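Printed here is query_16.cif (mmCIF, C-alpha atoms):
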data_upload
#
loop_
_atom_site.label_atom_id
_atom_site.label_comp_id
_atom_site.auth_asym_id
_atom_site.auth_seq_id
_atom_site.Cartn_x
_atom_site.Cartn_y
_atom_site.Cartn_z
CA MET C 94 117.89 103.80 150.34
CA SER C 95 118.47 103.93 146.60
CA ASP C 96 115.44 103.24 144.42
CA SER C 97 117.63 101.78 141.70
CA LEU C 98 116.52 98.40 140.39
CA PHE C 99 120.13 97.25 140.26
CA SER C 100 120.77 98.29 143.88
CA ALA C 101 117.71 96.33 144.93
CA LEU C 102 118.93 93.20 143.18
CA ARG C 103 122.43 93.54 144.64
CA LYS C 104 121.49 94.00 148.30
CA TYR C 105 121.55 90.33 149.33
CA PRO C 106 124.83 89.12 150.86
CA LYS C 107 126.46 86.00 149.45
CA SER C 108 126.02 84.18 152.74
CA GLN C 109 122.24 84.37 152.61
CA GLU C 110 120.94 80.81 152.18
CA LEU C 111 118.12 81.59 149.82
CA ASP C 112 117.54 80.74 146.18
CA PRO C 113 118.79 83.85 144.29
CA ILE C 114 116.00 83.58 141.72
CA GLU C 115 113.36 84.10 144.43
CA ASN C 116 115.14 87.29 145.49
CA PHE C 117 115.54 88.50 141.92
CA ILE C 118 111.89 87.97 141.09
CA THR C 119 110.65 89.51 144.33
CA GLU C 120 112.84 92.59 144.05
CA GLY C 121 112.23 93.02 140.33
CA PHE C 122 108.47 92.72 140.68
CA ALA C 123 108.36 95.06 143.68
CA TRP C 124 110.45 97.62 141.81
CA LEU C 125 108.03 97.58 138.88
CA LEU C 126 105.06 98.06 141.21
CA ARG C 127 106.85 100.78 143.18
CA ASN C 128 107.81 102.80 140.11
CA LYS C 129 104.90 102.26 137.73
CA GLU C 130 101.75 103.71 139.27
CA LEU C 131 99.34 102.55 136.58
CA LEU C 132 100.67 99.01 136.79
CA ALA C 133 100.41 99.00 140.59
CA ARG C 134 96.80 100.19 140.50
CA GLU C 135 95.88 97.56 137.92
CA PHE C 136 97.59 94.81 139.93
CA ILE C 137 95.82 95.78 143.15
CA ASP C 138 92.46 95.78 141.34
CA TYR C 139 93.34 92.38 139.85
CA LEU C 140 94.04 90.95 143.32
CA ASN C 141 90.96 92.55 144.85
CA GLN C 142 88.71 90.91 142.26
CA LYS C 143 90.12 87.51 143.18
CA LEU C 144 90.02 87.88 146.96
CA PRO C 145 86.99 86.24 148.64
CA GLU C 146 86.47 89.44 150.66
CA PRO C 147 87.67 92.53 148.76
CA LEU C 148 89.69 95.13 150.62
CA PRO C 149 88.34 98.66 151.23
CA LEU C 150 90.53 100.22 148.56
CA THR C 151 91.00 103.95 148.17
CA HIS C 152 92.89 106.14 145.71
CA ILE C 153 95.96 105.88 147.96
CA LEU C 154 98.72 103.66 146.61
CA PRO C 155 100.59 101.44 149.07
CA GLU C 156 104.22 101.50 150.03
CA TRP C 157 105.85 98.42 148.49
CA LYS C 158 108.34 96.85 150.89
CA THR C 159 110.51 93.77 150.44
CA GLN C 160 112.18 91.49 152.99
CA HIS C 161 110.09 93.00 155.77
CA THR C 162 111.53 91.68 159.03
CA PHE C 163 109.56 90.99 162.21
CA PRO C 164 110.34 88.97 165.37
CA GLY C 165 109.04 85.74 163.81
CA GLY C 166 110.83 85.94 160.49
CA GLN C 167 110.88 87.83 157.22
CA ILE C 168 108.06 88.62 154.76
CA ASP C 169 108.96 88.66 151.07
CA MET C 170 106.81 91.63 150.04
CA VAL C 171 104.27 93.91 151.70
CA ALA C 172 101.88 96.39 150.13
CA ASP C 173 101.40 98.71 153.11
CA PHE C 174 98.32 100.93 152.81
CA GLY C 175 98.65 102.29 156.32
CA GLN C 176 95.63 100.84 158.08
CA PHE C 177 95.68 97.58 156.11
CA ALA C 178 98.15 95.58 154.08
CA LEU C 179 98.65 92.89 151.49
CA ILE C 180 101.24 90.40 152.73
CA PHE C 181 103.01 88.37 150.03
CA GLU C 182 104.92 85.13 150.33
CA HIS C 183 106.83 84.19 147.19
CA LYS C 184 108.03 80.69 146.36
CA ILE C 185 109.56 79.34 143.19
CA TRP C 186 109.95 75.56 143.61
CA SER C 187 110.26 75.21 147.38
CA TYR C 188 107.41 74.68 149.83
CA LEU C 189 106.31 76.73 152.81
CA SER C 190 107.97 75.88 156.11
CA PRO C 191 105.64 74.45 158.80
CA GLY C 192 103.39 77.15 160.23
CA GLN C 193 104.98 79.87 158.09
CA LEU C 194 101.77 81.67 157.18
CA ASP C 195 100.48 81.36 160.76
CA LYS C 196 103.51 83.38 161.88
CA TYR C 197 102.57 86.08 159.39
CA ARG C 198 98.98 86.05 160.64
CA GLU C 199 100.06 86.40 164.27
CA TYR C 200 102.30 89.31 163.37
CA ALA C 201 99.66 91.07 161.27
CA GLU C 202 96.99 90.65 163.94
CA THR C 203 99.20 92.26 166.59
CA ASN C 204 100.30 95.08 164.31
CA LEU C 205 98.13 98.04 165.34
CA LYS C 206 99.05 99.83 162.15
CA TRP C 207 97.11 97.23 160.16
CA SER C 208 94.15 97.26 162.51
CA GLN C 209 91.50 97.34 159.79
CA LYS C 210 92.48 94.34 157.70
CA TYR C 211 95.23 92.35 156.05
CA LYS C 212 95.31 89.62 153.41
CA LEU C 213 97.88 86.87 152.85
CA ILE C 214 98.76 86.24 149.21
CA LEU C 215 100.87 83.26 148.20
CA ILE C 216 102.58 83.21 144.79
CA THR C 217 104.35 80.00 143.77
CA GLY C 218 105.84 78.21 140.81
CA LEU C 219 103.45 75.25 141.01
CA THR C 220 99.84 74.95 142.07
CA ARG C 221 100.70 71.96 144.25
CA GLN C 222 102.70 74.33 146.48
CA HIS C 223 99.45 76.03 147.49
CA GLU C 224 99.00 75.17 151.16
CA GLN C 225 98.41 76.66 154.62
CA GLN C 226 95.24 78.40 153.38
CA PRO C 227 96.31 81.88 152.28
CA ASP C 228 93.56 84.35 151.43
CA LEU C 229 94.62 84.10 147.78
CA ALA C 230 96.94 81.62 146.05
CA LEU C 231 98.42 82.44 142.64
CA THR C 232 101.22 81.10 140.47
CA TRP C 233 103.87 83.12 138.69
CA SER C 234 102.14 82.01 135.53
CA ASP C 235 99.11 84.03 136.71
CA VAL C 236 101.37 87.04 137.23
CA TYR C 237 102.85 86.49 133.76
CA LYS C 238 99.39 86.49 132.18
CA PHE C 239 98.38 89.63 134.09
CA LEU C 240 101.51 91.50 132.98
CA LYS C 241 101.22 90.30 129.39
CA HIS C 242 97.61 91.50 129.24
CA TRP C 243 98.67 94.84 130.74
CA LEU C 244 101.34 95.25 128.08
CA GLU C 245 98.87 94.43 125.31
CA THR C 246 96.05 96.66 126.53
CA LYS C 247 97.52 99.43 128.70
CA SER C 248 101.10 100.33 128.06
CA GLU C 249 104.13 98.97 126.23
CA ASP C 250 107.08 98.92 128.64
CA SER C 251 110.50 97.37 127.99
CA LEU C 252 111.22 96.62 131.65
CA VAL C 253 107.90 94.83 132.14
CA HIS C 254 108.66 92.95 128.93
CA ASP C 255 112.05 91.94 130.29
CA PHE C 256 110.49 90.79 133.55
CA ILE C 257 107.97 88.45 131.91
CA ASP C 258 110.70 87.17 129.62
CA MET C 259 112.65 86.22 132.74
CA LEU C 260 109.60 84.44 134.15
CA ALA C 261 109.30 82.45 130.93
CA GLU C 262 113.01 81.57 130.96
CA GLU C 263 112.64 80.24 134.51
CA ASN C 264 109.67 78.01 133.50
CA LEU C 265 107.31 80.36 135.36
CA GLY C 266 105.29 81.49 132.37
CA PRO C 267 102.23 79.81 130.86
CA ALA C 268 102.47 76.03 130.80
CA ALA C 269 103.69 74.53 127.54
CA PRO C 270 102.17 71.23 126.34
CA VAL C 271 104.98 69.49 128.24
CA SER C 272 104.84 71.71 131.31
CA TYR C 273 107.48 71.95 134.01
CA GLU C 274 104.89 70.94 136.58
CA SER C 275 103.95 67.79 134.67
CA ILE C 276 107.63 66.86 134.28
CA VAL C 277 108.49 67.16 137.98
CA SER C 278 105.21 65.52 139.01
CA TYR C 279 105.38 62.53 136.69
CA LEU C 280 107.53 60.12 138.70
CA PRO C 281 105.91 60.81 142.11
CA ALA C 282 102.49 60.36 140.49
CA GLN C 283 103.31 56.82 139.36
CA SER C 284 102.56 55.50 142.85
CA LEU C 285 99.24 57.32 143.13
CA LEU C 286 96.99 54.89 141.26
CA PRO C 287 98.17 51.67 142.95
CA ASN C 288 98.02 53.34 146.35
CA LEU C 289 94.49 54.61 145.68
CA LYS C 290 93.48 51.14 144.53
CA ASN C 291 94.87 49.54 147.69
CA MET C 292 93.09 52.09 149.85
CA THR C 293 89.80 51.46 148.02
CA LEU C 294 90.17 47.68 148.28
CA ARG C 295 90.71 47.93 152.02
CA ALA C 296 87.74 50.28 152.41
CA ALA C 297 85.60 47.72 150.55
CA GLU C 298 86.17 45.31 153.44
CA ALA C 299 84.17 47.55 155.78
CA ASP C 300 80.51 46.76 156.45
CA TRP C 301 78.49 48.79 153.95
CA ARG C 302 75.39 46.58 154.23
CA TRP C 303 73.53 49.29 156.12
CA VAL C 304 73.01 51.16 152.83
CA SER C 305 71.52 48.18 151.03
CA GLU C 306 69.40 47.33 154.06
CA LYS C 307 67.91 50.79 153.92
CA ILE C 308 67.11 51.14 150.25
CA GLY C 309 68.27 47.99 148.42
CA PHE C 310 66.13 45.45 146.52
CA ASN C 311 67.13 42.44 148.56
CA LYS C 312 67.62 43.14 152.24
CA ASP C 313 68.34 39.53 153.13
CA ALA C 314 71.36 39.17 150.82
CA PRO C 315 72.88 42.57 150.04
CA ILE C 316 75.42 42.47 147.27
CA PRO C 317 78.88 43.29 148.66
CA CYS C 318 80.48 46.39 147.26
CA VAL C 319 83.47 45.96 144.97
CA PRO C 320 85.94 48.48 143.53
CA VAL C 321 84.78 49.85 140.20
CA LYS C 322 87.09 49.06 137.29
CA ILE C 323 89.76 51.64 136.62
CA GLU C 324 88.76 51.59 132.96
CA ASP C 325 85.56 53.34 134.01
CA ARG C 326 87.73 56.35 134.95
CA ARG C 327 86.65 56.11 138.56
CA LEU C 328 87.94 54.08 141.45
CA GLY C 329 85.28 53.54 144.05
CA LEU C 330 82.84 51.25 145.78
CA ASP C 331 79.67 50.14 144.02
CA ILE C 332 77.56 50.19 147.16
CA LEU C 333 74.30 48.89 145.66
CA GLY C 334 73.68 46.14 143.12
CA GLY C 335 71.21 46.61 140.30
CA TRP C 336 71.66 50.36 139.95
CA PHE C 337 68.07 51.21 140.76
CA PRO C 338 69.64 53.49 141.89
CA GLY C 339 73.38 52.94 142.03
CA ILE C 340 75.58 54.57 144.65
CA ILE C 341 79.30 54.84 143.93
CA VAL C 342 81.69 56.27 146.52
CA GLY C 343 85.32 56.91 145.67
CA THR C 344 87.73 58.87 143.50
CA ILE C 345 86.97 60.37 140.09
CA LEU C 346 90.12 59.69 138.06
CA ASP C 347 89.02 61.38 134.84
CA PRO C 348 86.40 64.12 135.27
CA ASP C 349 86.12 64.58 131.49
CA VAL C 350 84.42 61.19 131.23
CA PHE C 351 81.62 62.54 133.44
CA ASN C 352 81.60 65.99 131.79
CA VAL C 353 82.56 67.71 135.02
CA GLN C 354 85.49 69.88 136.07
CA PRO C 355 87.62 69.28 139.18
CA LEU C 356 86.46 71.44 142.05
CA SER C 357 89.97 72.83 142.41
CA LEU C 358 92.60 72.58 139.68
CA HIS C 359 95.46 72.98 142.13
CA LEU C 360 94.08 70.28 144.46
CA GLY C 361 93.53 67.76 141.67
CA LEU C 362 91.33 64.66 141.96
CA ASP C 363 87.92 64.74 143.62
CA PHE C 364 86.46 62.25 146.08
CA GLY C 365 82.73 61.85 146.36
CA LEU C 366 79.48 60.08 145.64
CA ILE C 367 77.77 59.52 142.31
CA LEU C 368 74.10 58.56 142.15
CA GLY C 369 73.61 56.40 139.07
CA PHE C 370 70.82 54.63 137.22
CA ASN C 371 71.01 51.60 134.89
CA ILE C 372 69.31 52.94 131.78
CA GLN C 373 69.71 49.71 129.83
CA ARG C 374 67.97 47.60 132.44
CA TRP C 375 65.45 50.05 133.92
CA GLN C 376 64.70 52.41 131.04
CA GLN C 377 60.92 52.03 131.34
CA PHE C 378 61.13 53.34 134.93
CA GLU C 379 63.48 56.24 134.22
CA ALA C 380 60.73 58.88 133.96
CA ASP C 381 58.91 57.54 137.03
CA PHE C 382 62.14 57.72 139.04
CA PHE C 383 63.52 61.11 138.03
CA ASN C 384 60.24 63.00 137.62
CA SER C 385 58.88 61.80 140.95
CA ASP C 386 58.07 64.09 143.87
CA GLU C 387 60.61 62.22 145.98
CA TYR C 388 63.47 62.83 143.57
CA THR C 389 62.49 66.49 143.16
CA LYS C 390 62.60 66.94 146.94
CA LEU C 391 65.97 65.16 147.10
CA ARG C 392 67.47 67.51 144.51
CA SER C 393 66.02 70.59 146.18
CA ARG C 394 67.34 69.62 149.62
CA LEU C 395 70.87 68.92 148.41
CA LYS C 396 70.97 72.01 146.25
CA GLU C 397 69.92 74.15 149.20
CA ASN C 398 72.32 72.60 151.69
CA SER C 399 74.97 69.99 150.91
CA GLY C 400 77.22 70.99 153.79
CA THR C 401 80.92 70.70 152.97
CA TRP C 402 80.14 68.70 149.82
CA ASP C 403 79.76 70.31 146.40
CA PHE C 404 76.42 69.40 144.79
CA HIS C 405 76.29 68.91 141.02
CA ASP C 406 73.08 68.01 139.16
CA HIS C 407 74.02 66.28 135.93
CA ARG C 408 70.49 65.66 134.71
CA PHE C 409 68.36 68.77 135.10
CA GLU C 410 70.95 71.55 135.29
CA VAL C 411 73.26 70.87 132.35
CA ARG C 412 72.88 71.26 128.61
CA SER C 413 73.73 67.62 127.85
CA PRO C 414 72.35 65.40 130.64
CA ASN C 415 74.25 62.34 131.77
CA ARG C 416 71.60 59.61 131.97
CA TRP C 417 73.86 57.23 133.88
CA HIS C 418 75.45 59.45 136.53
CA HIS C 419 72.90 61.99 137.72
CA LEU C 420 73.98 63.52 141.04
CA HIS C 421 77.49 64.24 142.24
CA LEU C 422 78.49 65.15 145.80
CA ARG C 423 82.20 65.93 145.83
CA LYS C 424 85.13 67.46 147.64
CA PRO C 425 88.84 67.43 146.72
CA LEU C 426 90.57 64.18 147.64
CA ALA C 427 93.42 66.23 149.11
CA GLU C 428 90.94 67.76 151.57
CA VAL C 429 89.48 64.35 152.43
CA LEU C 430 92.92 62.95 153.27
CA ARG C 431 94.31 66.12 154.85
CA GLY C 432 96.26 65.35 158.03
CA THR C 433 96.46 61.58 157.48
CA ILE C 434 99.88 59.97 157.82
CA THR C 435 99.53 56.19 157.65
CA PHE C 436 97.76 53.89 155.20
CA ASP C 437 95.32 52.85 157.93
CA ASP C 438 94.56 56.54 158.62
CA GLN C 439 93.67 57.04 154.99
CA VAL C 440 91.47 53.93 154.82
CA GLU C 441 89.58 55.10 157.90
CA ARG C 442 89.17 58.56 156.37
CA PHE C 443 87.81 57.00 153.15
CA ILE C 444 85.29 55.00 155.17
CA SER C 445 84.22 57.88 157.42
CA GLN C 446 83.89 60.37 154.56
CA GLY C 447 82.09 57.78 152.44
CA ARG C 448 79.63 57.18 155.24
CA GLU C 449 79.18 60.91 155.74
CA VAL C 450 78.31 61.61 152.12
CA ILE C 451 75.92 58.63 151.89
CA GLU C 452 74.17 59.76 155.07
CA LEU C 453 73.85 63.22 153.52
CA LEU C 454 72.21 61.67 150.46
CA LEU C 455 69.77 59.65 152.58
CA ALA C 456 69.16 62.20 155.34
CA GLY C 457 65.78 63.41 154.07
CA GLY C 458 64.34 59.95 153.44
CA GLU C 459 63.42 60.83 149.85
CA LEU C 460 65.51 58.13 148.20
CA GLU C 461 64.38 55.51 150.66
CA ALA C 462 60.72 56.36 150.02
CA LEU C 463 61.22 56.39 146.27
CA THR C 464 62.96 53.04 146.05
CA LYS C 465 60.51 51.38 148.40
CA ARG C 466 57.67 52.57 146.19
CA LEU C 467 59.19 51.68 142.83
CA HIS C 468 61.20 48.55 143.63
CA PRO C 469 58.18 46.21 143.94
CA ILE C 470 56.78 47.48 140.65
CA ALA C 471 60.11 47.04 138.87
CA ARG C 472 60.68 43.63 140.43
CA ASN C 473 57.31 42.34 139.33
CA SER C 474 57.48 43.91 135.86
CA ILE C 475 60.95 42.72 134.80
CA SER C 476 62.71 40.15 136.92
CA PRO C 477 63.80 39.55 140.49
CA VAL C 478 66.98 41.22 141.60
#

Could you render the structure from this file as structure tokens?
Amino acid sequence: MSDSLFSALRKYPKSQELDPIENFITEGFAWLLRNKELLAREFIDYLNQKLPEPLPLTHILPEWKTQHTFPGGQIDMVADFGQFALIFEHKIWSYLSPGQLDKYREYAETNLKWSQKYKLILITGLTRQHEQQPDLALTWSDVYKFLKHWLETKSEDSLVHDFIDMLAEENLGPAAPVSYESIVSYLPAQSLLPNLKNMTLRAAEADWRWVSEKIGFNKDAPIPCVPVKIEDRRLGLDILGGWFPGIIVGTILDPDVFNVQPLSLHLGLDFGLILGFNIQRWQQFEADFFNSDEYTKLRSRLKENSGTWDFHDHRFEVRSPNRWHHLHLRKPLAEVLRGTITFDDQVERFISQGREVIELLLAGGELEALTKRLHPIARNSISPV
């Protein structure tokens, strides 16, 4: 078969029901990697640094194949090293078909030639197309940045230049201030906030008194939880009244307000728990609370093992402590709601995940012991709660 770039771009018949730009980008990129050894080596190293488990690379370069057919379908691009392979799926604006990457996995696992290892790499136009858990998910903007850096530091090449120019023309380069992704996401996102609010309001109707009964000031009349105001840049349930401590469970709408970063940029908003403290009301007890043995043990336990929740200490492990919102236990909201279909499903998931993260916070008994010790002192020193 001819190794001409133009022959590669011409090989698709008119009847093929695929977006031509996906074919052009796949064939053009594969041709560059196939014919420019230094670029191919740099790209493989770039991928290997990003993979959770690096491949056992050698000096041998792979064979770059496109439109690799197998009984279950067709793979866009394969870097075939012989005993292992990198399997690429390329998307521009479309999404994966149901179970698409599972078909690739089944094929790779039954391919004796790739007996040592294989990795699935998904490259898309938008981060919100990242799904079905590939080993590595990139955007074409990432590829653009890699190639641009290669041109600036390794070798000037007119064809590589032309390729990244094409990516930019197709809105696949670095995001401009008004990015393509923000444009196409704007209208669908308008329903997000009211739907989140409705879900949170319904979850507030569940019985959360068990938390207050365990560590609250007033066990006989626990204050019902209410959704936190949206203006606070969070939408959640204020589980405890008085904020000595406060426990908020819900969605962080604006992570910048809390000086945190989303756990995953391509998954967006985080769901979780924030442990707070009312500095204005309880300032004289702040040192007793946060320098106590109980609180130290709580931090140590969660830092050592927070399960599927990401632990973030915003008091002792950051340069500028947040004196109102001290501990965060988070996971992406998209992961929390994964697999839900109906509104009721999502409310139940909010409640079950909220309960799970609160139980994680209370599992060691440290917070319960601390509040039981300090609450009577605070109550007698300031005012009843």

Exercise. Could you pull the residues within 10 Å of Tyr211 in chain C, counting only C-alpha atoms, minus those fewer than 2 positions along the same chain, as an MDAnalysis selection string?
Worked result: chainID C and resid 148 172:174 176:180 198 201:202 207:209 213:214 228

Exercise. What is the CA of Gly369 in chain C-CA of Trp417 in chain C distance in Å, reported with one decimal?
Worked result: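 Distance between the two atoms: 5.3 Å.
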
Exercise. In terms of the shortest atom-to-atom distance over only C-alpha atoms, which of C:Val304, C:Met170, C:Val353, C:Leu194 is closest to Gly339 in chain C?
Worked result: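 Selected residue with least distance to Gly339 in chain C: C:Val304.
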
Problem set entry | Neighbour residues at most 6 Å from (80.4, 58.0, 144.4) (only C-alpha atoms) as a PyMOL selection string | chain C and resi 340-343+365-367

Exercise. Hey, can you check how far CA of Phe122 in chain C sits from CA of Ser278 in chain C?
Worked result: 27.4 Å

For this session: Name the residues captured by the PyMOL selection byres ((chain C and resi 257-262) around 10) when it is applied to the shown file; answer as number ranges by chain.
Result: C: 114, 117-118, 122, 218, 233-234, 236-241, 252-256, 263-268

For this session: State, in Å with one decimal place, the distance from CA of Phe382 in chain C to CA of Leu420 in chain C.
Result: 13.3 Å
